[in-house]
$ cat coords-v6.cif   # mmCIF, C-alpha atoms
data_protein
#
loop_
_atom_site.label_atom_id
_atom_site.label_comp_id
_atom_site.auth_asym_id
_atom_site.auth_seq_id
_atom_site.Cartn_x
_atom_site.Cartn_y
_atom_site.Cartn_z
CA ASN G 1 -2.33 60.84 -211.36
CA GLY G 2 0.05 60.34 -214.25
CA THR G 3 0.80 58.09 -217.19
CA ALA G 4 3.68 55.63 -217.44
CA GLU G 5 5.61 58.16 -219.52
CA GLU G 6 5.02 60.99 -217.04
CA VAL G 7 6.01 58.82 -214.11
CA LYS G 8 9.25 57.81 -215.82
CA LYS G 9 10.09 61.48 -216.44
CA ILE G 10 9.57 62.30 -212.76
CA VAL G 11 11.76 59.36 -211.75
CA THR G 12 14.49 60.55 -214.12
CA THR G 13 14.39 63.99 -212.49
CA LEU G 14 14.56 62.46 -209.02
CA ASN G 15 17.47 60.24 -210.01
CA GLU G 16 19.42 63.31 -211.13
CA ALA G 17 18.67 65.35 -207.99
CA GLU G 18 21.41 66.29 -205.57
CA VAL G 19 20.32 65.42 -202.04
CA PRO G 20 22.14 64.74 -198.77
CA SER G 21 22.94 61.15 -197.84
CA GLU G 22 20.32 58.79 -196.41
CA ASP G 23 21.51 59.35 -192.86
CA VAL G 24 20.52 63.03 -193.28
CA VAL G 25 17.46 62.91 -195.54
CA GLU G 26 15.25 59.92 -196.32
CA VAL G 27 13.38 60.20 -199.62
CA VAL G 28 10.25 58.10 -200.19
CA VAL G 29 8.31 58.21 -203.48
CA SER G 30 4.66 57.11 -203.55
CA PRO G 31 3.26 56.45 -207.04
CA PRO G 32 -0.15 54.88 -207.77
CA PHE G 33 -0.30 51.09 -207.34
CA VAL G 34 -0.03 50.35 -211.05
CA PHE G 35 3.34 52.11 -211.23
CA LEU G 36 4.93 50.71 -208.04
CA THR G 37 7.11 48.09 -209.71
CA VAL G 38 8.09 50.39 -212.58
CA VAL G 39 9.20 53.11 -210.18
CA LYS G 40 11.00 50.64 -207.95
CA SER G 41 12.92 49.23 -210.91
CA LEU G 42 14.02 52.67 -212.18
CA LEU G 43 14.48 54.68 -208.98
CA ARG G 44 17.95 55.21 -207.53
CA SER G 45 18.82 52.80 -204.72
CA ASP G 46 19.05 55.42 -201.96
CA PHE G 47 15.41 56.47 -202.54
CA HIS G 48 12.54 54.26 -201.41
CA VAL G 49 9.03 53.50 -202.66
CA ALA G 50 5.71 53.67 -200.81
CA ALA G 51 2.22 52.48 -201.67
CA GLN G 52 -0.63 54.97 -201.25
CA ASN G 53 -2.76 52.57 -199.20
CA CYS G 54 -3.11 48.95 -198.12
CA TRP G 55 -5.80 46.69 -196.69
CA VAL G 56 -6.53 46.40 -192.98
CA ARG G 57 -5.80 42.68 -192.61
CA LYS G 58 -4.51 39.60 -194.39
CA GLY G 59 -5.52 39.20 -198.00
CA GLY G 60 -8.68 37.35 -198.95
CA ALA G 61 -11.99 38.02 -200.67
CA PHE G 62 -11.57 41.81 -200.72
CA THR G 63 -11.72 42.58 -204.43
CA GLY G 64 -9.70 45.61 -205.44
CA GLU G 65 -7.74 45.87 -202.20
CA ILE G 66 -3.97 45.44 -201.82
CA SER G 67 -2.63 43.65 -198.76
CA ALA G 68 0.49 44.46 -196.79
CA GLU G 69 1.76 40.98 -197.67
CA MET G 70 1.57 41.88 -201.36
CA LEU G 71 3.67 44.99 -200.74
CA VAL G 72 6.26 42.88 -198.91
CA ASN G 73 6.29 40.44 -201.81
CA LEU G 74 7.00 43.32 -204.23
CA GLY G 75 9.72 44.72 -202.00
CA ILE G 76 7.78 47.92 -201.22
CA PRO G 77 8.95 49.07 -197.77
CA TRP G 78 6.54 51.96 -197.09
CA VAL G 79 2.82 52.70 -197.22
CA ILE G 80 0.75 55.86 -196.69
CA ILE G 81 -2.29 55.22 -194.49
CA GLY G 82 -5.24 57.39 -193.49
CA HIS G 83 -4.83 60.17 -196.04
CA SER G 84 -7.54 62.79 -195.58
CA GLU G 85 -9.06 61.97 -198.97
CA ARG G 86 -9.62 58.37 -197.90
CA ARG G 87 -10.98 59.47 -194.53
CA ALA G 88 -13.44 61.86 -196.20
CA LEU G 89 -14.38 60.08 -199.43
CA LEU G 90 -14.22 56.47 -198.23
CA ASN G 91 -15.29 57.13 -194.63
CA GLU G 92 -12.20 55.57 -193.07
CA SER G 93 -12.65 56.07 -189.33
CA ASN G 94 -9.91 56.76 -186.80
CA GLU G 95 -10.21 53.20 -185.54
CA PHE G 96 -10.02 51.72 -189.05
CA VAL G 97 -6.90 53.78 -189.80
CA GLY G 98 -5.36 52.67 -186.51
CA ASP G 99 -6.00 49.02 -187.39
CA LYS G 100 -4.47 49.50 -190.85
CA VAL G 101 -1.33 51.11 -189.45
CA ALA G 102 -0.90 48.36 -186.87
CA TYR G 103 -1.37 45.56 -189.41
CA ALA G 104 1.01 47.07 -191.97
CA VAL G 105 3.71 47.50 -189.33
CA SER G 106 3.15 43.96 -188.06
CA GLN G 107 3.93 42.71 -191.56
CA GLY G 108 7.15 44.69 -191.79
CA VAL G 109 5.86 47.63 -193.84
CA LYS G 110 6.71 51.10 -192.54
CA ALA G 111 3.68 53.37 -192.23
CA ILE G 112 3.22 57.07 -192.89
CA ALA G 113 0.07 57.72 -190.87
CA CYS G 114 -1.86 60.85 -191.85
CA ILE G 115 -3.79 63.03 -189.43
CA GLY G 116 -5.31 66.50 -189.72
CA GLU G 117 -8.32 68.74 -189.20
CA THR G 118 -10.85 70.29 -191.57
CA LEU G 119 -11.35 74.04 -191.91
CA GLU G 120 -14.53 73.85 -189.85
CA GLN G 121 -12.69 72.03 -187.07
CA ARG G 122 -9.85 74.55 -187.07
CA GLU G 123 -12.21 77.52 -186.98
CA SER G 124 -14.10 75.94 -184.07
CA GLY G 125 -10.86 75.66 -182.10
CA SER G 126 -10.86 71.86 -182.03
CA THR G 127 -7.68 71.20 -184.02
CA MET G 128 -5.78 69.53 -181.20
CA ALA G 129 -8.76 67.51 -180.04
CA VAL G 130 -9.16 66.15 -183.58
CA VAL G 131 -5.52 65.24 -184.21
CA ALA G 132 -5.16 63.86 -180.68
CA ALA G 133 -8.13 61.53 -181.26
CA GLN G 134 -6.66 60.41 -184.59
CA THR G 135 -3.27 59.76 -182.99
CA LYS G 136 -4.86 57.99 -180.02
CA ALA G 137 -6.56 55.51 -182.35
CA ILE G 138 -3.14 54.64 -183.77
CA ALA G 139 -1.40 54.52 -180.38
CA GLU G 140 -4.02 52.09 -179.05
CA LYS G 141 -3.07 49.55 -181.74
CA VAL G 142 0.66 50.14 -182.29
CA THR G 143 3.23 48.85 -179.83
CA ASN G 144 6.39 49.48 -181.86
CA TRP G 145 6.65 53.06 -183.13
CA GLU G 146 10.03 52.57 -184.78
CA ASN G 147 8.38 52.08 -188.18
CA VAL G 148 5.65 54.70 -187.84
CA VAL G 149 5.89 58.26 -189.17
CA LEU G 150 3.11 60.78 -188.50
CA ALA G 151 2.10 63.22 -191.23
CA TYR G 152 0.09 66.25 -190.12
CA GLU G 153 -1.92 67.47 -193.09
CA PRO G 154 -4.46 70.21 -192.35
CA VAL G 155 -7.24 69.23 -194.73
CA TRP G 156 -8.04 72.86 -195.55
CA ALA G 157 -4.49 73.32 -196.89
CA ILE G 158 -4.29 70.27 -199.17
CA GLY G 159 -4.26 71.20 -202.84
CA THR G 160 -5.86 74.56 -202.11
CA GLY G 161 -2.73 76.69 -202.25
CA LYS G 162 -3.42 77.66 -198.64
CA VAL G 163 -0.63 76.77 -196.27
CA ALA G 164 -0.63 76.68 -192.51
CA THR G 165 1.65 79.43 -191.26
CA THR G 166 4.94 78.27 -189.85
CA ALA G 167 3.60 79.13 -186.40
CA GLN G 168 0.44 77.05 -186.96
CA ALA G 169 2.40 74.07 -188.25
CA GLN G 170 4.93 74.23 -185.43
CA GLU G 171 2.19 74.60 -182.82
CA VAL G 172 0.41 71.43 -183.92
CA HIS G 173 3.63 69.46 -184.35
CA CYS G 174 4.80 70.53 -180.91
CA GLU G 175 1.48 69.59 -179.30
CA LEU G 176 1.55 66.23 -181.06
CA ARG G 177 4.98 65.55 -179.64
CA LYS G 178 3.74 66.51 -176.19
CA TRP G 179 0.79 64.15 -176.65
CA LEU G 180 3.13 61.29 -177.53
CA ASN G 181 5.25 62.10 -174.48
CA ASP G 182 2.24 62.09 -172.15
CA ASN G 183 0.35 59.15 -173.68
CA VAL G 184 3.01 56.84 -175.14
CA ASN G 185 6.47 57.63 -173.73
CA SER G 186 9.25 60.17 -173.94
CA GLU G 187 11.40 58.01 -176.22
CA VAL G 188 8.65 57.72 -178.84
CA ALA G 189 7.94 61.45 -178.55
CA ALA G 190 11.58 62.29 -179.21
CA SER G 191 12.21 59.81 -182.01
CA THR G 192 8.95 59.83 -184.02
CA ARG G 193 9.19 61.89 -187.16
CA ILE G 194 6.28 64.26 -187.75
CA LEU G 195 5.91 65.47 -191.33
CA TYR G 196 3.94 68.47 -192.57
CA GLY G 197 1.68 67.93 -195.58
CA GLY G 198 -0.39 70.89 -196.71
CA SER G 199 0.42 72.57 -200.07
CA VAL G 200 4.17 72.24 -199.56
CA ASN G 201 6.24 73.56 -202.47
CA GLY G 202 9.64 74.96 -203.34
CA ALA G 203 8.68 78.43 -202.17
CA ASN G 204 7.66 77.60 -198.61
CA CYS G 205 9.60 74.48 -197.61
CA ASN G 206 12.67 76.21 -196.19
CA GLU G 207 10.72 78.28 -193.68
CA LEU G 208 8.61 75.30 -192.64
CA ALA G 209 11.67 73.06 -192.33
CA ALA G 210 13.28 75.53 -189.95
CA GLN G 211 10.63 74.78 -187.32
CA PRO G 212 12.02 72.56 -184.54
CA ASP G 213 9.21 70.00 -184.61
CA VAL G 214 8.75 69.76 -188.39
CA ASP G 215 10.82 66.73 -189.41
CA GLY G 216 10.01 66.62 -193.10
CA PHE G 217 7.22 66.84 -195.66
CA LEU G 218 4.49 64.78 -197.25
CA VAL G 219 4.34 66.49 -200.64
CA GLY G 220 1.26 66.07 -202.83
CA GLY G 221 0.50 68.16 -205.90
CA ALA G 222 3.90 69.84 -206.09
CA SER G 223 5.57 66.42 -206.38
CA LEU G 224 3.95 66.00 -209.79
CA LYS G 225 5.80 69.09 -211.01
CA ALA G 226 9.31 67.68 -210.58
CA HIS G 227 10.01 68.06 -214.29
CA LYS G 228 8.72 71.65 -214.19
CA ALA G 229 10.79 72.50 -211.16
CA SER G 230 13.94 71.33 -212.88
CA SER G 231 13.40 73.96 -215.60
CA LEU G 232 14.05 76.66 -212.99
CA SER G 233 17.62 75.53 -212.42
CA GLY G 234 20.14 77.97 -213.84
CA CYS G 235 17.58 80.64 -214.71
CA SER G 236 18.72 84.22 -214.27
CA PHE G 237 16.19 86.60 -212.76
CA THR G 238 16.12 90.32 -212.17
CA TYR G 239 15.61 90.02 -208.43
CA LEU G 240 13.82 92.72 -206.46
CA LYS G 241 15.73 94.58 -203.75
CA GLU G 242 12.53 95.80 -202.18
CA ARG G 243 8.83 95.29 -202.70
CA PRO G 244 7.78 97.74 -205.41
CA VAL G 245 4.28 98.69 -206.49
CA LEU G 246 3.91 98.76 -210.25
CA ASP G 247 0.87 98.80 -212.51
CA ASP G 248 -1.85 98.48 -209.89
CA ASN G 249 0.11 96.28 -207.51
CA VAL G 250 1.55 94.11 -210.27
CA VAL G 251 5.25 93.33 -209.95
CA HIS G 252 7.14 92.35 -213.11
CA VAL G 253 9.90 89.74 -212.96
CA GLN G 254 12.01 89.32 -216.08
CA SER G 255 13.34 85.88 -217.00
CA PRO G 256 16.22 85.33 -219.47
CA GLU G 257 14.16 85.00 -222.62
CA VAL G 258 11.30 87.18 -223.78
CA GLY G 259 8.05 85.33 -224.22
CA GLU G 260 4.51 85.24 -222.93
CA GLU G 261 3.48 86.87 -219.69
CA VAL G 262 2.03 84.69 -216.94
CA ARG G 263 0.03 86.49 -214.27
CA LEU G 264 0.62 85.10 -210.78
CA GLY G 265 -1.70 87.19 -208.64
CA GLU G 266 0.56 90.13 -207.85
CA VAL G 267 3.40 88.85 -210.03
CA VAL G 268 3.73 88.79 -213.78
CA VAL G 269 6.56 86.62 -215.08
CA THR G 270 7.77 87.58 -218.53
CA GLY G 271 9.59 84.76 -220.25
CA PRO G 272 9.22 81.29 -221.75
CA THR G 273 5.77 79.85 -221.24
CA GLU G 274 7.07 76.70 -219.54
CA PHE G 275 9.21 78.78 -217.19
CA GLY G 276 6.23 80.89 -216.18
CA GLN G 277 4.06 77.82 -215.74
CA ALA G 278 6.69 76.25 -213.48
CA VAL G 279 6.69 79.35 -211.28
CA LEU G 280 2.91 79.28 -211.19
CA GLU G 281 2.75 75.63 -210.18
CA LEU G 282 5.37 76.01 -207.48
CA GLY G 283 3.40 78.86 -205.94
CA ILE G 284 6.28 81.34 -205.98
CA GLY G 285 5.20 84.84 -204.96
CA VAL G 286 6.59 88.34 -204.66
CA ASP G 287 7.95 87.86 -201.16
CA ASP G 288 10.01 84.89 -202.37
CA LEU G 289 11.78 87.12 -204.88
CA VAL G 290 12.42 90.21 -202.75
CA GLY G 291 16.03 90.62 -201.64
CA ARG G 292 17.50 87.89 -203.83
CA GLU G 293 20.87 88.34 -205.45
CA VAL G 294 20.98 88.43 -209.23
CA ASP G 295 21.69 84.98 -210.75
CA GLU G 296 21.11 83.27 -207.40
CA ASP G 297 19.07 80.10 -207.90
CA PRO G 298 16.74 80.01 -204.88
CA TRP G 299 15.16 76.69 -205.86
CA SER G 300 18.31 74.62 -206.14
CA SER G 301 18.42 73.53 -202.49
CA PRO G 302 17.94 69.76 -202.03
CA GLY G 303 14.28 68.88 -201.55
CA CYS G 304 13.04 72.32 -202.55
CA GLY G 305 12.25 71.94 -206.20
CA GLY G 306 15.75 71.80 -207.67
#

$ encode --input "coords-v6.cif" --output "structure tokens"
Amino acid sequence: NGTAEEVKKIVTTLNEAEVPSEDVVEVVVSPPFVFLTVVKSLLRSDFHVAAQNCWVRKGGAFTGEISAEMLVNLGIPWVIIGHSERRALLNESNEFVGDKVAYAVSQGVKAIACIGETLEQRESGSTMAVVAAQTKAIAEKVTNWENVVLAYEPVWAIGTGKVATTAQAQEVHCELRKWLNDNVNSEVAASTRILYGGSVNGANCNELAAQPDVDGFLVGGASLKAHKASSLSGCSFTYLKERPVLDDNVVHVQSPEVGEEVRLGEVVVTGPTEFGQAVLELGIGVDDLVGREVDEDPWSSPGCGG
């Protein structure tokens, strides 16, 4: 996604963001291949860049593929491997993903390895069997876990607006950590970061981050709205002290300027069109507004859209 101009705008927003130091929060940005060097040249030095994929072995006659050695040559320290879209659309098997993770790490590239179940697999009660098999394929090939991060992304929650409940996310993350403890070792289980990656946005990240085994996020669609999210900063809302029922279950939230109305399911935001669109894209709902203090900026926390 994105044009060169759009990517530069997102980088500008990221460069201006207030975030804790690197020893508290590590920020990795993963643009499409064609924008890797542009982003790397413009991005602040305490943020890092990741590729969205790399080839399974040393470069050669594999037209269109990008090798780990190429990423090293460009100074790209991270790569995302095994994203659900590649597993589904390009038929990347567990074993193939495991090989890719192992090769990238062997070349000095840190890997964000994605795992997760489909809706059918969750409804059949096989979530843990699926993610355990995916993790096993990685564990069979990787000997040094220091440069491996796991990203649990329930496929049914990616780009759908559906989000695993905090209990569901914590349950899987906890079971994954137990699996690592039982099948790798206790040190790897304790030190491996496990990210959550299913429709994460500024409205739900705080609750998810509070879970003891959720170590961070792999953010997809919402990451493209960085410039929209910044428009929320400093806005003054009329916050709701309780959940009212108005106009057939429609709750009205007034923003500083009068403008078009944007219907957000149960919420109608009255104000500038871009403001309303930002709220829509961040997935902010009624429950996120209830009980807020007037003039409080709930999206200004580092990593949560501000």

$ resolve_selection --input "coords-v6.cif" --expression "the PyMOL selection byres ((chain G and resi 180) around 12)" --output "MDAnalysis selection string"
chainID G and resid 131:133 135:136 138:140 145 150 173:179 181:194

$ closest_residue --input "coords-v6.cif" --among "G:Ile158, G:Leu71, G:Val28, G:Val172" --to "Ile112 of chain G" --atoms "all atoms listed in the file"
G:Val28

$ closest_residue --input "coords-v6.cif" --among "G:Ser67, G:Ile76, G:Thr160, G:Val29" --to "Ile10 of chain G" --atoms "all atoms listed in the file"
G:Val29

$ resolve_selection --input "coords-v6.cif" --expression "the PyMOL selection byres ((chain G and resi 105-109) around 7)" --output "MDAnalysis selection string"
chainID G and resid 68:69 72 77:79 101:104 110:111 147

$ resolve_selection --input "coords-v6.cif" --expression "the PyMOL selection byres ((chain G and resi 220) around 8)" --output "mmCIF file with C-alpha atoms, keeping the file's coordinate frame"
data_model
loop_
_atom_site.group_PDB
_atom_site.id
_atom_site.type_symbol
_atom_site.label_atom_id
_atom_site.label_comp_id
_atom_site.auth_asym_id
_atom_site.auth_seq_id
_atom_site.Cartn_x
_atom_site.Cartn_y
_atom_site.Cartn_z
ATOM 1 C CA ILE G 158 -4.290 70.270 -199.170
ATOM 2 C CA GLY G 159 -4.260 71.200 -202.840
ATOM 3 C CA GLY G 197 1.680 67.930 -195.580
ATOM 4 C CA GLY G 198 -0.390 70.890 -196.710
ATOM 5 C CA SER G 199 0.420 72.570 -200.070
ATOM 6 C CA VAL G 200 4.170 72.240 -199.560
ATOM 7 C CA LEU G 218 4.490 64.780 -197.250
ATOM 8 C CA VAL G 219 4.340 66.490 -200.640
ATOM 9 C CA GLY G 221 0.500 68.160 -205.900
ATOM 10 C CA ALA G 222 3.900 69.840 -206.090
ATOM 11 C CA SER G 223 5.570 66.420 -206.380
ATOM 12 C CA LEU G 224 3.950 66.000 -209.790
#

$ atom_distance --input "coords-v6.cif" --atom1 "atom CA of Ile80 of chain G" --atom2 "atom CA of Ser30 of chain G"
8.0 Å

$ residues_around --input "coords-v6.cif" --residues "Ser41 of chain G" --least-positions-apart "4" --cutoff "12 Å" --atoms "all atoms listed in the file" --output "list in words"
Lys8, Val11, Thr12, Asn15, Phe35, Leu36, Thr37, Ser45, Phe47, His48, Val49, Leu74, Gly75 and Ile76 of chain G

$ residues_around --input "coords-v6.cif" --residues "Gly64 of chain G" --least-positions-apart "2" --cutoff "12 Å" --atoms "all atoms listed in the file" --output "list in words"
Phe33, Asn53, Cys54, Trp55, Gly59, Gly60, Ala61, Phe62, Ile66 and Ser67 of chain G

$ closest_residue --input "coords-v6.cif" --among "G:Asp46, G:Val214, G:Thr166, G:Glu85" --to "Val149 of chain G" --atoms "only C-alpha atoms"
G:Val214

$ residues_around --input "coords-v6.cif" --residues "Glu153 of chain G" --least-positions-apart "2" --cutoff "7 Å" --atoms "only C-alpha atoms" --output "mmCIF file with C-alpha atoms, in the frame of the given file"
data_model
loop_
_atom_site.group_PDB
_atom_site.id
_atom_site.type_symbol
_atom_site.label_atom_id
_atom_site.label_comp_id
_atom_site.auth_asym_id
_atom_site.auth_seq_id
_atom_site.Cartn_x
_atom_site.Cartn_y
_atom_site.Cartn_z
ATOM 1 C CA CYS G 114 -1.860 60.850 -191.850
ATOM 2 C CA ILE G 115 -3.790 63.030 -189.430
ATOM 3 C CA GLY G 116 -5.310 66.500 -189.720
ATOM 4 C CA ALA G 151 2.100 63.220 -191.230
ATOM 5 C CA VAL G 155 -7.240 69.230 -194.730
ATOM 6 C CA TYR G 196 3.940 68.470 -192.570
ATOM 7 C CA GLY G 197 1.680 67.930 -195.580
ATOM 8 C CA GLY G 198 -0.390 70.890 -196.710
#

$ atom_distance --input "coords-v6.cif" --atom1 "atom CA of Asn204 of chain G" --atom2 "atom CA of Tyr152 of chain G"
16.1 Å

$ atom_distance --input "coords-v6.cif" --atom1 "atom CA of Leu195 of chain G" --atom2 "atom CA of Arg86 of chain G"
18.3 Å

$ closest_residue --input "coords-v6.cif" --among "G:Leu119, G:Lys162, G:Ala169, G:Phe96" --to "Gly216 of chain G" --atoms "all atoms listed in the file"
G:Ala169
